[in-house]
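Peer 1: One structure is given below, represented as structure tokens, and several questions about it will come after.
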Amino acid sequence: MLMAQATDGSQFVLIRMAESQAFNVGDSNDLATEIAVARANQAFMKFLDAHGTQPQKGRGIPLAEVRQQLGL
């Protein structure tokens with residue numbers, strides 16, 4: 001993990017990802033257009049179908065543990 005800060009004060013965290021997928025869902029400032037473009041992207045919709053389930057109880061990391069790991 002690498003933390004970086006831009007000259008304007010913006011902070012960024014860079015991490016290496018073993019596996020990732022990217023989808024172009026548009027670059028409009030209009031939400032309705034963005035939704036239409038995303039819905040038309042068959043690969044994106046298939047990805048959501050495969051990964052869009054809610055986590056099962058006991059298969060996630062408790063919020064308290066996440067806060068502890070982040071020092072919050």
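By convention in this document, the chains of the structure tokens carry letters A, B, ... by their order, each chain's residues are numbered from 1, and ligands are numbered from 1 in the order they are shown.
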I want to know what sits within 12 Å of range 42-56 of chain A, based on only C-alpha atoms, with residues of the same chain fewer than 2 positions away left out; could you give that as number ranges by chain?

Peer 2: A: 20-26, 35-40, 58-62

Peer 1: Among chain A, which residues carry a DSSP assignment of helix (DSSP H, G or I), reported as a list in words?

Peer 2: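 DSSP on the backbone gives helix (DSSP H, G or I) at Leu31, Ala32, Thr33, Glu34, Ile35, Ala36, Val37, Ala38, Arg39, Ala40, Gln42, Ala43, Phe44, Met45, Lys46, Phe47, Leu48, Asp49, Ala50, His51, Leu63, Ala64, Glu65, Val66, Arg67, Gln68, Gln69 and Leu70 of chain A.
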
Peer 1: Could the residues in this selection be saved with C-alpha atoms as a compact mmCIF listing (two decimals), in the first residue's frame?

Peer 2:
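Written output follows (selection32.txt):
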# COMPACT_ATOMS: atom_id res chain seq x y z
CA LEU A 31 -27.44 10.45 -13.68
CA ALA A 32 -30.19 9.16 -15.97
CA THR A 33 -27.70 8.91 -18.84
CA GLU A 34 -25.17 7.15 -16.63
CA ILE A 35 -27.77 4.63 -15.52
CA ALA A 36 -28.86 3.97 -19.11
CA VAL A 37 -25.25 3.44 -20.24
CA ALA A 38 -24.51 1.14 -17.28
CA ARG A 39 -27.63 -0.93 -17.92
CA ALA A 40 -26.68 -1.30 -21.59
CA GLN A 42 -23.89 -6.42 -20.74
CA ALA A 43 -20.53 -7.33 -19.20
CA PHE A 44 -21.17 -4.96 -16.29
CA MET A 45 -24.68 -6.29 -15.72
CA LYS A 46 -23.41 -9.89 -15.80
CA PHE A 47 -20.74 -8.92 -13.25
CA LEU A 48 -23.39 -7.38 -10.98
CA ASP A 49 -25.57 -10.48 -11.29
CA ALA A 50 -22.65 -12.68 -10.26
CA HIS A 51 -21.41 -10.45 -7.43
CA LEU A 63 -17.14 -3.13 11.56
CA ALA A 64 -15.45 -2.97 14.96
CA GLU A 65 -12.56 -5.03 13.59
CA VAL A 66 -12.24 -2.81 10.53
CA ARG A 67 -12.13 0.27 12.75
CA GLN A 68 -9.46 -1.35 14.92
CA GLN A 69 -7.35 -2.27 11.87
CA LEU A 70 -7.61 1.30 10.60

Peer 1: Using only C-alpha atoms, which of A:Lys57, A:Ile15, A:Asp27, A:Gly71 sits nearest Met3 in chain A?

Peer 2: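 Residue with the minimum atom-to-atom distance to Met3 in chain A: A:Ile15.
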